[in-house]
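The structure appears below as structure tokens.
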Amino acid sequence: MKGVRFETMRRRACVVIALGLVACAGETPSEPAAVATSITLSSSNVGFASLGESVSILATVRDQSGLVMTGQPVSWSSSDQSVASVAGGTVTAHLNGTATVTATSGTASASAFVTVQQVPATVAVEPGDVSFISLGDTARLSASVLDAQGNSVPNAAWSWTSRDPAIASVSDQGVVTALLPGSVVIVAESGDAFGLAEIDVTPLPVLTLEGPDSVSIGETLDIAIRLRAAGFAESVGVTAVEFSFDPAALQFSSIADSGTFSTTAHDNGTGVLRWLRSEPTGFPDEYLVLTVSFDVVGGSGTVLEFAAEILGAVAASTFEDLTPAVVLRDGGVHVR
């Protein structure tokens, strides 16, 4: 009996164990939740050559199994917002320097090193064009070195050069000096960047009329005509100077000049004086003085008007066919 009972109990235990095994085999084991474990950035080093420039960095989040976690939220931060800011992975340069931008998702993070160093892209020269009307005159140019976004590059150095220093020279300080008639380009260079200023040298005669403020009838009126036309003579062919006056009040008396003019013509009826140059081209780089003397014969209580004019005709040898070129100066003398 004991043997039978033991056998029966043994068989029941095996059935229970077998059923337990069947039940365990039917259950599905639970998987662990995905956790952000690592972040990979599309760029670990970002360089900017201009302020205001932006670059986007892509952050890829992976779980503990190395699988990409799509839609996983990522926050961004910058170690120095004044140098470079970041929003949604877009980094923007603000100031020369370095910063670190960091992407964070959960406990995972990754960083990119940012360098902002402006590079000259162009040089703005002011003024961009200069016209000279007298040889020896000067003008100062200024330059600003700019990056590709048009921002000023601090502490940038530049140099000045003239493409034709015979026409106009330029100093290290940007001072341009007119030397000969013509056109020339002044260049400001900073590295590979440059800017230009166009220079035109077209000298005009410098003339002054000097005389008393007032004169009385019966007196002698002396008018000094001071002329300087270096450079201008070569470009337009200054051939003569013409002086007009009021023949009702003034009668031509005499003239004194420096010998540059070989022929003088005067007409008391029309009130015109002309001095023809002995050389059709070339003009010394100094003032020529023509002193004209008149007898004051009328015009009491009036202001005597007079004017000087340049006449130009290359290689002319007479007063015929002279072409008015530039009205230089006019003035007046009060007759008491």
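Chain labels A, B, ... are given in the sequence in which chains occur in the structure tokens; within each chain residues are numbered consecutively from 1, and ligands are likewise numbered from 1 in the order shown.
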| task | Would you mind listing what lies within 8 Å of Phe243 of chain A as a list in words, with only C-alpha atoms counted and same-chain residues fewer than 2 positions away left out? | result | Val241, Phe245, Val272, Leu273, Arg274, Phe306, Ala307, Ala308 and Glu309 of chain A
Selection near segment 68-75 of chain A, 8 Å with only C-alpha atoms, sequence-local residues under 3 positions removed, as a tab-separated table (two decimals) with N, CA, C and O atoms, in the first residue's frame:
```
chain	number	residue	atom	x	y	z
A	36	ALA	N	17.53	57.75	-23.59
A	36	ALA	CA	18.54	58.48	-24.35
A	36	ALA	C	19.90	58.29	-23.69
A	36	ALA	O	20.12	58.65	-22.54
A	59	ALA	N	21.41	67.21	-34.34
A	59	ALA	CA	21.69	66.32	-33.20
A	59	ALA	C	20.90	65.02	-33.37
A	59	ALA	O	19.68	65.05	-33.57
A	60	THR	N	21.59	63.88	-33.30
A	60	THR	CA	20.97	62.56	-33.41
A	60	THR	C	21.06	61.86	-32.06
A	60	THR	O	22.15	61.65	-31.53
A	61	VAL	N	19.87	61.51	-31.48
A	61	VAL	CA	19.81	60.88	-30.16
A	61	VAL	C	19.66	59.37	-30.34
A	61	VAL	O	18.82	58.92	-31.14
A	62	ARG	N	20.42	58.59	-29.57
A	62	ARG	CA	20.34	57.12	-29.62
A	62	ARG	C	20.10	56.57	-28.22
A	62	ARG	O	20.53	57.16	-27.22
A	63	ASP	N	19.39	55.41	-28.18
A	63	ASP	CA	19.11	54.79	-26.89
A	63	ASP	C	20.24	53.85	-26.51
A	63	ASP	O	21.28	53.80	-27.16
A	88	GLY	N	17.56	75.91	-31.32
A	88	GLY	CA	17.12	74.81	-32.17
A	88	GLY	C	18.22	74.22	-33.03
A	88	GLY	O	17.96	73.70	-34.11
A	103	ALA	N	24.25	70.21	-26.86
A	103	ALA	CA	22.93	69.62	-27.07
A	103	ALA	C	22.68	68.60	-25.96
A	103	ALA	O	23.54	67.75	-25.69
A	104	THR	N	21.52	68.67	-25.30
A	104	THR	CA	21.21	67.78	-24.18
A	104	THR	C	19.85	67.14	-24.38
A	104	THR	O	18.88	67.80	-24.77
A	105	SER	N	19.79	65.81	-24.12
A	105	SER	CA	18.53	65.06	-24.13
A	105	SER	C	18.59	64.07	-22.99
A	105	SER	O	19.38	63.12	-23.03
```
Do you know which residues are at most 8 Å from segment 122-128 of chain A counting only C-alpha atoms, after dropping those on the same chain fewer than 6 positions away, and could you put them as an mmCIF file with N, CA and C atoms, in the first residue's frame?
```
data_model
loop_
_atom_site.group_PDB
_atom_site.id
_atom_site.type_symbol
_atom_site.label_atom_id
_atom_site.label_comp_id
_atom_site.auth_asym_id
_atom_site.auth_seq_id
_atom_site.Cartn_x
_atom_site.Cartn_y
_atom_site.Cartn_z
ATOM 1 N N LEU A 141 41.875 110.140 -47.804
ATOM 2 C CA LEU A 141 40.938 109.038 -47.935
ATOM 3 C C LEU A 141 40.877 108.253 -46.631
ATOM 4 N N SER A 142 39.733 107.655 -46.354
ATOM 5 C CA SER A 142 39.594 106.779 -45.189
ATOM 6 C C SER A 142 39.164 105.399 -45.670
ATOM 7 N N ALA A 143 39.503 104.402 -44.884
ATOM 8 C CA ALA A 143 39.181 103.021 -45.266
ATOM 9 C C ALA A 143 38.567 102.286 -44.084
ATOM 10 N N SER A 144 37.624 101.408 -44.387
ATOM 11 C CA SER A 144 37.006 100.534 -43.386
ATOM 12 C C SER A 144 37.061 99.109 -43.914
ATOM 13 N N VAL A 145 37.651 98.212 -43.136
ATOM 14 C CA VAL A 145 37.740 96.816 -43.534
ATOM 15 C C VAL A 145 36.485 96.091 -43.041
ATOM 16 N N LEU A 146 35.807 95.386 -43.946
ATOM 17 C CA LEU A 146 34.522 94.758 -43.637
ATOM 18 C C LEU A 146 34.589 93.257 -43.903
ATOM 19 N N ASP A 147 33.801 92.498 -43.125
ATOM 20 C CA ASP A 147 33.680 91.070 -43.397
ATOM 21 C C ASP A 147 32.610 90.847 -44.470
ATOM 22 N N ALA A 148 32.299 89.585 -44.772
ATOM 23 C CA ALA A 148 31.369 89.281 -45.859
ATOM 24 C C ALA A 148 29.948 89.737 -45.561
ATOM 25 N N ALA A 188 43.186 100.468 -51.556
ATOM 26 C CA ALA A 188 43.403 100.115 -50.148
ATOM 27 C C ALA A 188 43.278 98.597 -50.035
ATOM 28 N N GLU A 189 44.311 97.929 -49.511
ATOM 29 C CA GLU A 189 44.332 96.474 -49.442
ATOM 30 C C GLU A 189 44.476 95.991 -47.996
ATOM 31 N N SER A 190 43.705 94.946 -47.688
ATOM 32 C CA SER A 190 43.814 94.272 -46.395
ATOM 33 C C SER A 190 43.725 92.780 -46.660
ATOM 34 N N ALA A 193 41.444 91.283 -49.444
ATOM 35 C CA ALA A 193 40.366 92.248 -49.659
ATOM 36 C C ALA A 193 40.942 93.586 -50.111
ATOM 37 N N PHE A 194 40.165 94.313 -50.898
ATOM 38 C CA PHE A 194 40.628 95.613 -51.357
ATOM 39 C C PHE A 194 39.441 96.513 -51.669
ATOM 40 N N GLY A 195 39.740 97.805 -51.743
ATOM 41 C CA GLY A 195 38.753 98.805 -52.130
ATOM 42 C C GLY A 195 39.437 99.863 -52.978
ATOM 43 N N LEU A 196 38.640 100.586 -53.781
ATOM 44 C CA LEU A 196 39.201 101.526 -54.745
ATOM 45 C C LEU A 196 38.625 102.926 -54.572
ATOM 46 N N ALA A 197 39.430 103.894 -54.945
ATOM 47 C CA ALA A 197 38.975 105.278 -55.068
ATOM 48 C C ALA A 197 39.475 105.793 -56.416
ATOM 49 N N GLU A 198 38.578 106.387 -57.178
ATOM 50 C CA GLU A 198 38.942 106.915 -58.491
ATOM 51 C C GLU A 198 39.316 108.385 -58.360
#
```
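Nearest-residue note for Asn96 of chain A: choosing from A:Val116, A:Leu41, A:Leu304, A:Ile223, the minimum distance belongs to A:Val116, counting only C-alpha atoms.
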